[in-house]
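J.: Before we start, here is the structure in question, set down as structure tokens.
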Amino acid sequence: MDTKKRMGQLRTMFQRVIDPLGYKFSPDEELVDFLLEQEVTLEKEKGSPFCPCQGLTGEREHDMQLVCPCIPFHREHFDAMKRCWCGLYVHKDVDDPDELVQISKKEFEASRKRS
Amino acid sequence: MKKVVMYTLSTCPWCMRAKKFFREKDIPFEYIDYDKADEGTRRSIREDCLAHGEEMSFPFVKIGEDVVVGYNPQKYSSLLDQ
Amino acid sequence: MAPWFFAIAENELDEGEKKPLLIEGDKLLLLRQGGDFYAISNKCPHMDCPLSKGTLNGYVIQCPCHDWQFDIRSGEFLNAEEIKVPAYETKVADGKIYVNMER
């Protein structure tokens with residue numbers, strides 16, 4: 001299938017999933033386009049539109065939690081950053097995604113213990 | 001100068017930005033694209049990430065003895081200056 | 001009046017089994033568990049995969065594509081209850097199963 005067409009389909013399907021979770025597509029359209037294109041390639045090569053910024057292991061249980069949108073499986077961590085790891089999605093109230101910083105899983109868990 | 005090594009993914013824009021950051025500062029670095037690496041290298045990268053208490057979220061940047069997971073130019077700079 | 005539609009005869013679906021149906025143009029999945037009948041959309045809310053090809057374990061159906069799991073009673077996605085597969089009311093009358101297509 002044509003890459004652009006599939007990108008549009010993923011966008012429509014994923015919008016339905018992220019909306020009730022309080023997320024939207026990043027206002028950074030260039031980034032969104034790039035990431036969706038990577039996901040279409042990953043889907044062609046590996047069978048699913050995996051996150052372009054997280055590593056697959058080949059173990060189904062692990063990898064299925066990295067299929068986009070992977071927010072439900074990393075909810076608290078992503079909520080703390082107001083974005084998902086690759087930045088395809090941001091919280092609905094975010095206007096400038098460049099102000100958001102990636103917080104690693106370890107940092108997130110340490111901050112949770114402190115609070 | 002501290003040694004800079006990073007694990008990256010060929011599909012990840014934040015990994016590209018991390019490489020660009022060091023390139024623009026003329027700081028030499030080594031990198032391995034996890035998704036393009038052979039089985040053995042992939043396994044050792046995974047073990048290294050887990051040993052640092054992290055998942056395989058990229059970029060995974062080692063500056064000397066320190067590790068920064070994610071694209072964070074402020075942190076990169078402060079670790080390089082230390 | 002609630003729009004009840006005939007689905008199948010009660011004896012066409014065994015305990016712990018599932019059956020995809022087309023009712024009023026909608027792809028549904030009828031399931032029988034714990035002696036009761038449940039009807040949900042047959043399309044996974046993630047990427048439209050057919051849940052009829054998934055596995056039913058107790059009241060949980062797992063999508064065959066990416067393993068998303070839903071409670072067949074409420075339609076709720078186990079990892080985020082805000083996401084639901086549409087669930088429909090069912091009733092049995094005279095050995096026949098009916099589905100209320102109004103949600």
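Chain identifiers are assigned as A, B, and so on, following the order in which chains appear in the structure tokens; residues are numbered from 1 within each chain, and ligands are numbered from 1 in order of appearance.
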Using only C-alpha atoms, which chain B residues lie at most 7 Å away from chain A, written as a PyMOL selection string?
T.: chain B and resi 9+11-12+53-58+69-72
J.: Compute the set of chain C residues within 7 Å of chain A, using only C-alpha atoms, and express it as a list in words.
T.: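 Taking only C-alpha atoms into account, His46, Met47, His66, Asp67, Asn79, Ala80, Glu82 and Ile83 of chain C sit within 7 Å of chain A.
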J.: DSSP says helix (DSSP H, G or I) for which residues of chain B? Put them as a ChimeraX atom specification?
T.: /B:13-24,34-36,39-51,73-81
J.: Find the spatial neighbours of range 62-67 of chain B, counting only C-alpha atoms, within a cut-off of 7 Å - ignore same-chain residues fewer than 6 positions away - and output them as an mmCIF file with N, CA, C and O atoms, in the first residue's frame.
T.:
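After the write, out_8.cif holds the following:
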data_model
loop_
_atom_site.group_PDB
_atom_site.id
_atom_site.type_symbol
_atom_site.label_atom_id
_atom_site.label_comp_id
_atom_site.auth_asym_id
_atom_site.auth_seq_id
_atom_site.Cartn_x
_atom_site.Cartn_y
_atom_site.Cartn_z
ATOM 1 N N LYS B 2 35.888 13.519 27.797
ATOM 2 C CA LYS B 2 35.104 12.324 28.126
ATOM 3 C C LYS B 2 34.707 11.576 26.853
ATOM 4 O O LYS B 2 34.409 12.186 25.834
ATOM 5 N N LYS B 3 34.670 10.280 26.985
ATOM 6 C CA LYS B 3 34.282 9.475 25.829
ATOM 7 C C LYS B 3 32.756 9.463 25.693
ATOM 8 O O LYS B 3 32.033 9.301 26.686
ATOM 9 N N VAL B 4 32.293 9.669 24.472
ATOM 10 C CA VAL B 4 30.847 9.674 24.227
ATOM 11 C C VAL B 4 30.476 8.480 23.348
ATOM 12 O O VAL B 4 31.002 8.306 22.253
ATOM 13 N N VAL B 5 29.595 7.642 23.892
ATOM 14 C CA VAL B 5 29.106 6.478 23.146
ATOM 15 C C VAL B 5 27.590 6.488 23.219
ATOM 16 O O VAL B 5 27.034 6.742 24.292
ATOM 17 N N MET B 6 26.934 6.275 22.089
ATOM 18 C CA MET B 6 25.473 6.194 22.193
ATOM 19 C C MET B 6 24.864 5.037 21.431
ATOM 20 O O MET B 6 25.373 4.611 20.409
ATOM 21 N N LEU B 79 27.214 17.671 31.510
ATOM 22 C CA LEU B 79 28.108 16.537 31.753
ATOM 23 C C LEU B 79 29.438 16.716 31.024
ATOM 24 O O LEU B 79 30.491 16.328 31.540
#
J.: So which bits of chain B end up strand (DSSP E) when you DSSP the backbone, as JSON, numbers by chain?
T.: {"B": [4, 5, 6, 7, 8, 30, 31, 32, 33, 60, 61, 62, 63, 66, 67, 68, 69]}
J.: Restrict the selected residues to N, CA, C and O atoms and save them as an mmCIF file, in the first residue's frame.
T.:
data_model
loop_
_atom_site.group_PDB
_atom_site.id
_atom_site.type_symbol
_atom_site.label_atom_id
_atom_site.label_comp_id
_atom_site.auth_asym_id
_atom_site.auth_seq_id
_atom_site.Cartn_x
_atom_site.Cartn_y
_atom_site.Cartn_z
ATOM 1 N N VAL B 4 32.293 9.669 24.472
ATOM 2 C CA VAL B 4 30.847 9.674 24.227
ATOM 3 C C VAL B 4 30.476 8.480 23.348
ATOM 4 O O VAL B 4 31.002 8.306 22.253
ATOM 5 N N VAL B 5 29.595 7.642 23.892
ATOM 6 C CA VAL B 5 29.106 6.478 23.146
ATOM 7 C C VAL B 5 27.590 6.488 23.219
ATOM 8 O O VAL B 5 27.034 6.742 24.292
ATOM 9 N N MET B 6 26.934 6.275 22.089
ATOM 10 C CA MET B 6 25.473 6.194 22.193
ATOM 11 C C MET B 6 24.864 5.037 21.431
ATOM 12 O O MET B 6 25.373 4.611 20.409
ATOM 13 N N TYR B 7 23.763 4.549 22.028
ATOM 14 C CA TYR B 7 22.932 3.544 21.361
ATOM 15 C C TYR B 7 21.749 4.292 20.772
ATOM 16 O O TYR B 7 21.114 5.113 21.457
ATOM 17 N N THR B 8 21.466 4.003 19.513
ATOM 18 C CA THR B 8 20.418 4.754 18.818
ATOM 19 C C THR B 8 19.562 3.812 17.962
ATOM 20 O O THR B 8 19.862 2.631 17.831
ATOM 21 N N GLU B 30 30.945 7.700 19.337
ATOM 22 C CA GLU B 30 30.668 6.436 18.651
ATOM 23 C C GLU B 30 29.192 6.159 18.825
ATOM 24 O O GLU B 30 28.607 6.544 19.840
ATOM 25 N N TYR B 31 28.602 5.489 17.837
ATOM 26 C CA TYR B 31 27.198 5.103 18.030
ATOM 27 C C TYR B 31 26.935 3.758 17.378
ATOM 28 O O TYR B 31 27.630 3.338 16.455
ATOM 29 N N ILE B 32 25.924 3.081 17.917
ATOM 30 C CA ILE B 32 25.461 1.830 17.294
ATOM 31 C C ILE B 32 23.954 1.950 17.122
ATOM 32 O O ILE B 32 23.234 2.257 18.087
ATOM 33 N N ASP B 33 23.471 1.741 15.912
ATOM 34 C CA ASP B 33 22.032 1.675 15.689
ATOM 35 C C ASP B 33 21.560 0.291 16.109
ATOM 36 O O ASP B 33 21.871 -0.703 15.449
ATOM 37 N N PHE B 60 20.259 6.418 23.960
ATOM 38 C CA PHE B 60 20.875 6.056 25.234
ATOM 39 C C PHE B 60 22.312 6.575 25.116
ATOM 40 O O PHE B 60 23.111 6.040 24.356
ATOM 41 N N VAL B 61 22.607 7.661 25.823
ATOM 42 C CA VAL B 61 23.876 8.366 25.608
ATOM 43 C C VAL B 61 24.790 8.226 26.830
ATOM 44 O O VAL B 61 24.403 8.588 27.946
ATOM 45 N N LYS B 62 25.983 7.709 26.589
ATOM 46 C CA LYS B 62 26.958 7.598 27.682
ATOM 47 C C LYS B 62 28.007 8.686 27.501
ATOM 48 O O LYS B 62 28.651 8.773 26.445
ATOM 49 N N ILE B 63 28.146 9.506 28.550
ATOM 50 C CA ILE B 63 29.171 10.548 28.521
ATOM 51 C C ILE B 63 30.106 10.250 29.687
ATOM 52 O O ILE B 63 29.716 10.427 30.846
ATOM 53 N N ASP B 66 28.715 8.670 32.969
ATOM 54 C CA ASP B 66 27.290 8.993 33.136
ATOM 55 C C ASP B 66 26.442 8.564 31.945
ATOM 56 O O ASP B 66 26.939 8.429 30.828
ATOM 57 N N VAL B 67 25.152 8.384 32.229
ATOM 58 C CA VAL B 67 24.223 7.978 31.179
ATOM 59 C C VAL B 67 23.054 8.960 31.114
ATOM 60 O O VAL B 67 22.507 9.356 32.145
ATOM 61 N N VAL B 68 22.708 9.383 29.910
ATOM 62 C CA VAL B 68 21.505 10.186 29.706
ATOM 63 C C VAL B 68 20.621 9.432 28.728
ATOM 64 O O VAL B 68 21.051 9.095 27.628
ATOM 65 N N VAL B 69 19.379 9.153 29.154
ATOM 66 C CA VAL B 69 18.450 8.494 28.247
ATOM 67 C C VAL B 69 17.491 9.551 27.730
ATOM 68 O O VAL B 69 16.847 10.244 28.516
#
J.: Would you mind listing what lies within 9 Å of Trp68 in chain C as a PyMOL selection string, with only C-alpha atoms counted and same-chain residues fewer than 4 positions away left out?
T.: (chain A and resi 64) or (chain C and resi 44+46+61-64+77-79)
J.: Which residues, written as a CSV table (one decimal) with N, CA and C atoms, in the first residue's frame, have at least one atom at most 9 Å from Val40 in chain A, with only C-alpha atoms counted and residues fewer than 3 positions away on the same chain left out?
T.:
chain,number,residue,atom,x,y,z
A,3,THR,N,2.5,4.5,1.0
A,3,THR,CA,2.9,5.0,2.3
A,3,THR,C,2.1,6.1,2.8
A,4,LYS,N,1.9,7.1,2.0
A,4,LYS,CA,1.1,8.3,2.4
A,4,LYS,C,-0.3,7.9,2.8
A,6,ARG,N,-1.3,4.9,3.9
A,6,ARG,CA,-1.3,4.2,5.2
A,6,ARG,C,-1.1,5.1,6.4
A,7,MET,N,-0.2,6.2,6.1
A,7,MET,CA,0.0,7.1,7.2
A,7,MET,C,-1.3,7.8,7.6
A,10,LEU,N,-3.4,5.3,9.6
A,10,LEU,CA,-2.9,5.1,11.0
A,10,LEU,C,-3.3,6.4,11.8
A,35,LEU,N,7.5,10.6,12.0
A,35,LEU,CA,7.3,9.4,12.9
A,35,LEU,C,6.3,8.4,12.2
A,36,LEU,N,5.2,9.0,11.7
A,36,LEU,CA,4.2,8.1,11.0
A,36,LEU,C,4.8,7.3,9.9
A,37,GLU,N,5.7,8.0,9.1
A,37,GLU,CA,6.3,7.4,8.0
A,37,GLU,C,7.2,6.2,8.5
A,43,GLU,N,5.8,-1.2,10.1
A,43,GLU,CA,4.7,-2.2,9.9
A,43,GLU,C,5.0,-3.1,8.7
A,44,LYS,N,5.5,-2.5,7.7
A,44,LYS,CA,5.8,-3.3,6.5
A,44,LYS,C,6.9,-4.4,6.8
A,45,GLU,N,7.9,-4.0,7.6
A,45,GLU,CA,9.1,-4.9,7.8
A,45,GLU,C,8.8,-5.8,9.0
A,48,SER,N,3.9,-4.7,12.6
A,48,SER,CA,3.1,-3.8,13.4
A,48,SER,C,3.8,-2.4,13.4
A,49,PRO,N,2.9,-1.3,13.5
A,49,PRO,CA,3.5,0.0,13.6
A,49,PRO,C,4.1,0.3,15.0
A,50,PHE,N,5.3,-0.2,15.2
A,50,PHE,CA,6.0,-0.1,16.5
A,50,PHE,C,6.5,1.4,16.7
J.: Find the spatial neighbours of Lys53 in chain C, counting only C-alpha atoms, within a cut-off of 10 Å - ignore same-chain residues fewer than 2 positions away - and output them as number ranges by chain.
T.: C: 18-20, 42, 49-51, 55-56, 61-65
J.: Rounded to one decimal place, report the CA of Ala87 in chain C-CA of Pro45 in chain C distance in Å.
T.: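 Spanning CA of Ala87 in chain C to CA of Pro45 in chain C is a straight-line distance of 11.8 Å.
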J.: One decimal, Å: what's the distance from CA of Glu17 in chain C over to CA of Val85 in chain C, could you say?
T.: 18.4 Å
J.: Just want the 9 Å neighbourhood of Asp28 in chain A, counted on only C-alpha atoms, with same-chain residues fewer than 4 positions away dropped. Output as a PyMOL selection string.
T.: chain A and resi 32-33+88+96-98
J.: Would you work out the distance separating CA of Gly25 in chain C from CA of Asp2 in chain A, expressed in Å to one decimal?
T.: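 CA of Asp2 in chain A lies 28.4 Å from CA of Gly25 in chain C.
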